[in-house]
Structures are given as structure tokens and as C-alpha cells.
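Below is start_19.txt, which holds compact mmCIF, C-alpha atoms.
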# COMPACT_ATOMS: atom_id res chain seq x y z
CA GLU A 1 86.65 -34.88 -51.87
CA PRO A 2 82.93 -34.09 -51.86
CA GLU A 3 82.11 -30.46 -51.23
CA VAL A 4 79.20 -28.09 -50.80
CA THR A 5 78.79 -25.94 -53.91
CA GLN A 6 77.25 -22.47 -53.89
CA THR A 7 76.22 -20.31 -56.81
CA PRO A 8 76.66 -17.54 -57.66
CA SER A 9 79.83 -16.54 -55.86
CA HIS A 10 78.80 -12.88 -56.08
CA GLN A 11 75.34 -11.37 -56.43
CA VAL A 12 74.59 -7.70 -56.75
CA THR A 13 70.98 -6.57 -56.50
CA GLN A 14 68.91 -3.48 -56.00
CA MET A 15 67.10 -2.91 -52.73
CA GLY A 16 63.60 -4.40 -52.89
CA GLN A 17 64.51 -7.04 -55.44
CA GLU A 18 64.19 -10.76 -54.90
CA VAL A 19 67.27 -12.94 -54.84
CA ILE A 20 67.72 -16.69 -54.80
CA LEU A 21 70.96 -18.15 -53.50
CA ARG A 22 71.66 -21.69 -54.59
CA CYS A 23 73.47 -24.53 -52.91
CA VAL A 24 74.22 -28.12 -53.78
CA PRO A 25 74.95 -29.96 -50.52
CA ILE A 26 77.14 -33.04 -50.33
CA SER A 27 75.13 -35.85 -51.89
CA ASN A 28 74.57 -38.16 -48.90
CA HIS A 29 73.93 -35.35 -46.44
CA LEU A 30 70.46 -34.96 -45.03
CA TYR A 31 70.68 -31.83 -42.87
CA PHE A 32 71.06 -28.39 -44.40
CA TYR A 33 71.80 -24.95 -43.03
CA TRP A 34 72.16 -21.35 -44.06
CA TYR A 35 74.47 -18.99 -42.21
CA ARG A 36 75.63 -15.50 -43.02
CA GLN A 37 78.52 -13.27 -42.07
CA ILE A 38 78.36 -9.52 -42.32
CA LEU A 39 81.82 -8.11 -43.00
CA GLY A 40 83.95 -8.26 -39.86
CA GLN A 41 81.23 -9.79 -37.73
CA LYS A 42 80.43 -13.24 -36.42
CA VAL A 43 78.97 -16.12 -38.39
CA GLU A 44 75.20 -15.93 -37.79
CA PHE A 45 72.74 -18.80 -37.96
CA LEU A 46 69.74 -18.30 -40.23
CA VAL A 47 67.95 -21.63 -40.61
CA SER A 48 68.29 -25.40 -40.48
CA PHE A 49 66.33 -27.82 -42.63
CA TYR A 50 65.65 -31.54 -42.60
CA ASN A 51 63.14 -33.79 -44.31
CA ASN A 52 61.62 -30.87 -46.22
CA GLU A 53 60.91 -28.94 -43.07
CA ILE A 54 62.56 -26.13 -41.18
CA SER A 55 64.11 -27.53 -37.99
CA GLU A 56 64.99 -24.20 -36.44
CA LYS A 57 65.25 -20.59 -37.54
CA SER A 58 66.71 -17.43 -36.07
CA GLU A 59 65.12 -14.04 -35.50
CA ILE A 60 66.88 -12.87 -38.65
CA PHE A 61 64.92 -15.40 -40.70
CA ASP A 62 61.68 -13.44 -40.94
CA ASP A 63 58.88 -13.57 -43.53
CA GLN A 64 61.20 -12.15 -46.18
CA PHE A 65 63.27 -15.32 -46.11
CA SER A 66 62.36 -18.79 -47.30
CA VAL A 67 64.19 -22.02 -48.03
CA GLU A 68 63.39 -24.81 -50.40
CA ARG A 69 64.76 -28.11 -51.57
CA PRO A 70 63.15 -28.18 -55.01
CA ASP A 71 64.73 -31.44 -56.08
CA GLY A 72 67.07 -34.10 -54.74
CA SER A 73 70.20 -32.01 -55.01
CA ASN A 74 69.55 -28.27 -54.64
CA PHE A 75 68.88 -26.23 -51.51
CA THR A 76 67.92 -22.60 -52.00
CA LEU A 77 67.57 -19.49 -49.90
CA LYS A 78 65.19 -16.83 -51.18
CA ILE A 79 65.05 -13.27 -49.97
CA ARG A 80 61.83 -11.73 -51.29
CA SER A 81 62.55 -8.03 -50.90
CA THR A 82 66.17 -7.33 -50.15
CA LYS A 83 67.27 -4.62 -47.74
CA LEU A 84 70.61 -2.87 -47.49
CA GLU A 85 71.32 -4.73 -44.25
CA ASP A 86 70.98 -8.08 -46.05
CA SER A 87 74.39 -7.44 -47.62
CA ALA A 88 76.59 -10.23 -46.32
CA MET A 89 78.39 -13.43 -47.23
CA TYR A 90 75.86 -16.25 -47.17
CA PHE A 91 77.10 -19.74 -46.41
CA CYS A 92 75.29 -22.98 -47.05
CA ALA A 93 76.26 -25.99 -44.95
CA SER A 94 75.29 -29.62 -44.75
CA ARG A 95 75.66 -32.49 -42.34
CA GLU A 96 75.66 -36.21 -42.91
CA THR A 97 73.58 -38.06 -40.34
CA SER A 98 71.67 -37.51 -37.17
CA THR A 99 74.76 -38.33 -35.13
CA GLY A 100 77.37 -36.48 -37.13
CA GLU A 101 78.40 -33.18 -35.61
CA LYS A 102 80.60 -32.06 -38.48
CA LEU A 103 79.12 -29.24 -40.50
CA PHE A 104 80.56 -28.78 -43.99
CA PHE A 105 80.37 -25.31 -45.51
CA GLY A 106 80.33 -24.04 -49.05
CA SER A 107 82.56 -21.18 -50.15
CA GLY A 108 79.73 -18.68 -49.88
CA THR A 109 77.77 -16.17 -51.95
CA GLN A 110 78.67 -12.53 -51.41
CA LEU A 111 75.40 -10.61 -51.63
CA SER A 112 75.59 -6.88 -52.16
CA VAL A 113 72.35 -4.91 -51.92
CA LEU A 114 72.56 -1.42 -53.43
CA ASP B 1 72.60 -14.51 -28.20
CA GLN B 2 76.25 -14.47 -27.17
CA GLN B 3 76.34 -18.08 -26.04
CA VAL B 4 79.80 -18.67 -27.49
CA LYS B 5 82.50 -16.06 -27.03
CA GLN B 6 86.01 -15.65 -28.30
CA ASN B 7 87.47 -12.73 -26.41
CA SER B 8 90.73 -12.43 -28.32
CA PRO B 9 90.16 -10.96 -31.77
CA SER B 10 93.74 -11.65 -32.80
CA LEU B 11 96.82 -13.67 -31.88
CA SER B 12 100.33 -13.52 -33.26
CA VAL B 13 102.73 -16.45 -32.84
CA GLN B 14 106.17 -17.32 -34.11
CA GLU B 15 106.48 -20.27 -36.46
CA GLY B 16 107.26 -23.48 -34.58
CA ARG B 17 105.77 -22.26 -31.31
CA ILE B 18 102.42 -23.20 -29.78
CA SER B 19 99.24 -21.32 -30.67
CA ILE B 20 96.50 -21.37 -28.05
CA LEU B 21 93.07 -20.14 -29.03
CA ASN B 22 90.41 -19.79 -26.38
CA CYS B 23 86.65 -19.95 -26.34
CA ASP B 24 84.06 -19.56 -23.57
CA TYR B 25 80.45 -20.59 -23.57
CA THR B 26 77.47 -19.99 -21.35
CA ASN B 27 75.10 -22.88 -22.06
CA SER B 28 75.97 -25.97 -20.01
CA MET B 29 73.65 -28.05 -22.22
CA PHE B 30 75.94 -27.89 -25.24
CA ASP B 31 76.85 -31.41 -26.35
CA TYR B 32 79.45 -30.83 -29.03
CA PHE B 33 82.10 -28.24 -29.61
CA LEU B 34 83.89 -27.63 -32.87
CA TRP B 35 86.71 -25.55 -34.25
CA TYR B 36 86.66 -24.14 -37.75
CA LYS B 37 89.34 -22.42 -39.76
CA LYS B 38 88.46 -19.74 -42.28
CA TYR B 39 90.49 -18.10 -45.00
CA PRO B 40 89.28 -14.86 -46.63
CA ALA B 41 86.60 -15.36 -49.29
CA GLU B 42 86.21 -19.03 -48.37
CA GLY B 43 83.76 -20.95 -46.22
CA PRO B 44 84.72 -22.20 -42.76
CA THR B 45 86.57 -25.52 -42.85
CA PHE B 46 86.05 -28.09 -40.12
CA LEU B 47 89.16 -28.64 -38.05
CA ILE B 48 88.42 -30.69 -34.96
CA SER B 49 85.57 -31.41 -32.57
CA ILE B 50 85.00 -32.71 -29.08
CA SER B 51 82.05 -34.25 -27.32
CA SER B 52 80.98 -32.92 -23.94
CA ILE B 53 81.78 -36.30 -22.39
CA LYS B 54 85.47 -35.88 -23.18
CA ASP B 55 88.03 -33.39 -22.02
CA LYS B 56 90.58 -33.76 -24.78
CA ASN B 57 90.70 -34.67 -28.44
CA GLU B 58 93.81 -34.75 -30.56
CA ASP B 59 94.32 -34.82 -34.32
CA GLY B 60 97.87 -34.37 -35.50
CA ARG B 61 99.10 -30.89 -34.60
CA PHE B 62 95.67 -29.89 -33.29
CA THR B 63 94.37 -30.60 -29.79
CA VAL B 64 91.15 -29.36 -28.28
CA PHE B 65 90.71 -29.21 -24.52
CA LEU B 66 87.36 -28.91 -22.82
CA ASN B 67 86.88 -27.69 -19.25
CA LYS B 68 83.18 -28.09 -18.55
CA SER B 69 83.29 -26.67 -15.03
CA ALA B 70 84.79 -23.45 -16.41
CA LYS B 71 82.72 -23.60 -19.61
CA HIS B 72 85.89 -23.12 -21.53
CA LEU B 73 87.57 -24.77 -24.45
CA SER B 74 90.86 -24.17 -26.15
CA LEU B 75 92.56 -25.17 -29.36
CA HIS B 76 96.28 -25.87 -29.28
CA ILE B 77 98.29 -25.91 -32.49
CA VAL B 78 101.79 -27.37 -32.13
CA PRO B 79 103.98 -26.55 -33.92
CA SER B 80 102.41 -23.54 -35.58
CA GLN B 81 103.05 -23.04 -39.28
CA PRO B 82 102.60 -19.97 -41.49
CA GLY B 83 99.85 -21.81 -43.36
CA ASP B 84 97.87 -21.88 -40.12
CA SER B 85 97.35 -18.13 -40.43
CA ALA B 86 93.57 -17.74 -40.69
CA VAL B 87 90.53 -16.85 -38.64
CA TYR B 88 89.54 -19.58 -36.18
CA PHE B 89 85.96 -19.96 -35.02
CA CYS B 90 84.74 -22.09 -32.19
CA ALA B 91 81.21 -23.40 -32.36
CA ALA B 92 78.86 -25.33 -30.12
CA SER B 93 75.72 -27.34 -30.58
CA LEU B 94 73.03 -28.95 -28.50
CA TYR B 95 72.29 -32.67 -28.87
CA ASN B 96 69.92 -32.16 -31.82
CA PHE B 97 72.36 -30.20 -34.04
CA ASN B 98 69.53 -27.93 -35.18
CA LYS B 99 71.72 -24.91 -34.64
CA PHE B 100 75.43 -24.35 -34.28
CA TYR B 101 76.42 -21.27 -32.29
CA PHE B 102 79.58 -19.58 -33.48
CA GLY B 103 81.99 -17.31 -31.70
CA SER B 104 83.22 -14.10 -33.27
CA GLY B 105 86.54 -15.60 -34.34
CA THR B 106 90.22 -15.13 -33.56
CA LYS B 107 92.59 -14.11 -36.31
CA LEU B 108 95.81 -16.09 -35.99
CA ASN B 109 98.98 -14.81 -37.59
CA VAL B 110 101.92 -17.21 -37.61
CA LYS B 111 105.10 -15.34 -38.40
CA PRO B 112 107.90 -17.11 -40.30

Can you turn what I pasted into C-alpha cells?
Amino acid sequence: EPEVTQTPSHQVTQMGQEVILRCVPISNHLYFYWYRQILGQKVEFLVSFYNNEISEKSEIFDDQFSVERPDGSNFTLKIRSTKLEDSAMYFCASRETSTGEKLFFGSGTQLSVL
Amino acid sequence: DQQVKQNSPSLSVQEGRISILNCDYTNSMFDYFLWYKKYPAEGPTFLISISSIKDKNEDGRFTVFLNKSAKHLSLHIVPSQPGDSAVYFCAASLYNFNKFYFGSGTKLNVKP
């Protein structure tokens, strides 16, 4: 069964460093999302992306965050200067068509900012 | 931004009995509602969804009920199995699917 793949599964970084979280969405999906979950809290929306443009972003997704689809398969989330409060599990998700409501999630990248 | 709420952080049910998980929302413009199941250290897994034009959708042991006038949906699991033990999230989306709003989750424990 096709699945969303995220790498790395764990990332440890120092505060102020840049990190890039990588995702390979399901191949025929066109809509991409990043969510995050701080330990014990709700799943929070960060950004949605379609046709090489951001569709919507949350207040969390400030100038320190960016997304990119550098080629036909990868979808990345970059955090330019990490803060302690960026420590969370980051989930990539994808969706098939403009009428499909099912969102498929990857297994996540646990980001720890020290 | 608490547009989707799950007021019960946990639920414990005996194996074979019914599990009922509840979810409330505030935005009457939501078009789709979804339930996700999440195990520790894994991503949420899609379980079942319902369109706002329906009031019930069934898939095997899972049934979702939507009460638009009360802005309430529920997930029924019958019969419950120990493997159902997980955190369940409800989610909602507007027509454009640009953003899915998630509740805070309910941890279900099905006891053998």
C-alpha cells in the first residue's frame, strides 16, 4: 500500500540551527501538508501546499518556516533558526485530488531542539 | 482556534462492548468530518469520514454519526477490540480542504 515517507525519523539540533525535514508524499497525490504535535498536545496545522504554492498557513508558520517541492517527489519543511519551542513531532500529509477528503500522514519526524 | 473539541481525554471500555467517542465543533461551514486513529510514535491513520450532507456513515465495526444542529459527531466502535486501543482524533475541513482542524484526541483503552 502506498504511504507517505518521512526522513529522518529523529532529528536533534542546537537552538539557532537550520533544519530540513523531508517527506515523500504518495506519488499521485497533489496536495501536501505539514502538521506538528507537541508532546501531549493537539495536532496543529502548519501549512498546506498545492501547485507549487502555499494554499494556507497558520500563525505558527512565520518567516522562520518555509516549504518547497524541489522535484517531482520530495516535499520539504525548513526551519531557518530553530527555537526550543519548535521541539515537536512533525507530520507530513498528502491528499489525492481536489475532491478527496482523506488525508494520509507519514510516521513523523521527532525534532528535538537543545 | 478551538474549532474542533474532544472533551473526553480518555475512555476505557471492555472488549466486546461499544466504544463511543465524541467530538464537537463550532464552525457550521465545515463540509467534511474525519476520524483518525493514532498509535504512539506513528502518524495518524485515516479511519472513516462523513460529508456534511449525511448523518451516518458505516464501515465495518466503525460508524460515524453527524448531528449538524448540535454541531456534534460521534464515532461508534462495535464490538471493541484490544487492538483498537489508541488515541482517536476527530478532524474537520471546509469545502476547499486547505486546512484540517483537529481535536485534542481521546485515548481509548479496550480492556481484554

message = Could you work out which residues of chain B fall inside 10 Å of chain A? Count all atoms listed in the file, and format the result as a ChimeraX atom specification.
response = /B:31-36,38-51,89,91-105

8 Å contact set for Ser19 in chain B, all atoms listed in the file, chain neighbours under 3 positions out, as a PyMOL selection string = chain B and resi 13+75-80

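Atom to atom, CA of Leu84 in chain A and CA of Leu21 in chain A stand 16.4 Å apart.
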
ask   = What lies within 8 Å of Phe75 in chain A using all atoms listed in the file, ignoring chain neighbours under 6 positions off, as a ChimeraX atom specification?
value = /A:22-25,32,67-69

inquiry  = So that I can check the surroundings of Phe65 in chain B, please list as a PyMOL selection string every protein, DNA and RNA residue that reaches within 8 Å of it, counting all atoms listed in the file and ignoring chain neighbours fewer than 3 positions away.
reply    = chain B and resi 55-57+73-75

Length of the CA of Gln14 in chain A to CA of Ser112 in chain A vector [Å] =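 Interatomic distance, CA of Gln14 in chain A to CA of Ser112 in chain A: 8.4 Å.
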
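Atom pair CA of Val110 in chain B / CA of Glu58 in chain B has a distance of 20.6 Å (rounded to one decimal).
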
ask   = Restricting the calculation to all atoms listed in the file, which member of A:Ala88, A:Glu18, A:Pro8, A:Thr13 is positioned closest to Ser66 in chain A?
value = A:Glu18

message = Show me, as a PyMOL selection string, the residues that have an atom within 9 Å of Lys107 in chain B when counting only C-alpha atoms, minus same-chain residues fewer than 4 positions from it.
response = chain B and resi 8-12+85-89

Box centre and edge lengths (Å, one decimal), axis-aligned, range 3-7 of chain B plus 4 Å each side, as JSON:
{"center_x": 81.9, "center_y": -15.7, "center_z": -27.2, "size_x": 19.1, "size_y": 13.9, "size_z": 10.3}

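Distances here use all atoms listed in the file; by that measure, the residue among A:Thr97, A:Gln64, A:Ser87, A:Ile38 closest to Asn51 in chain A is A:Thr97.
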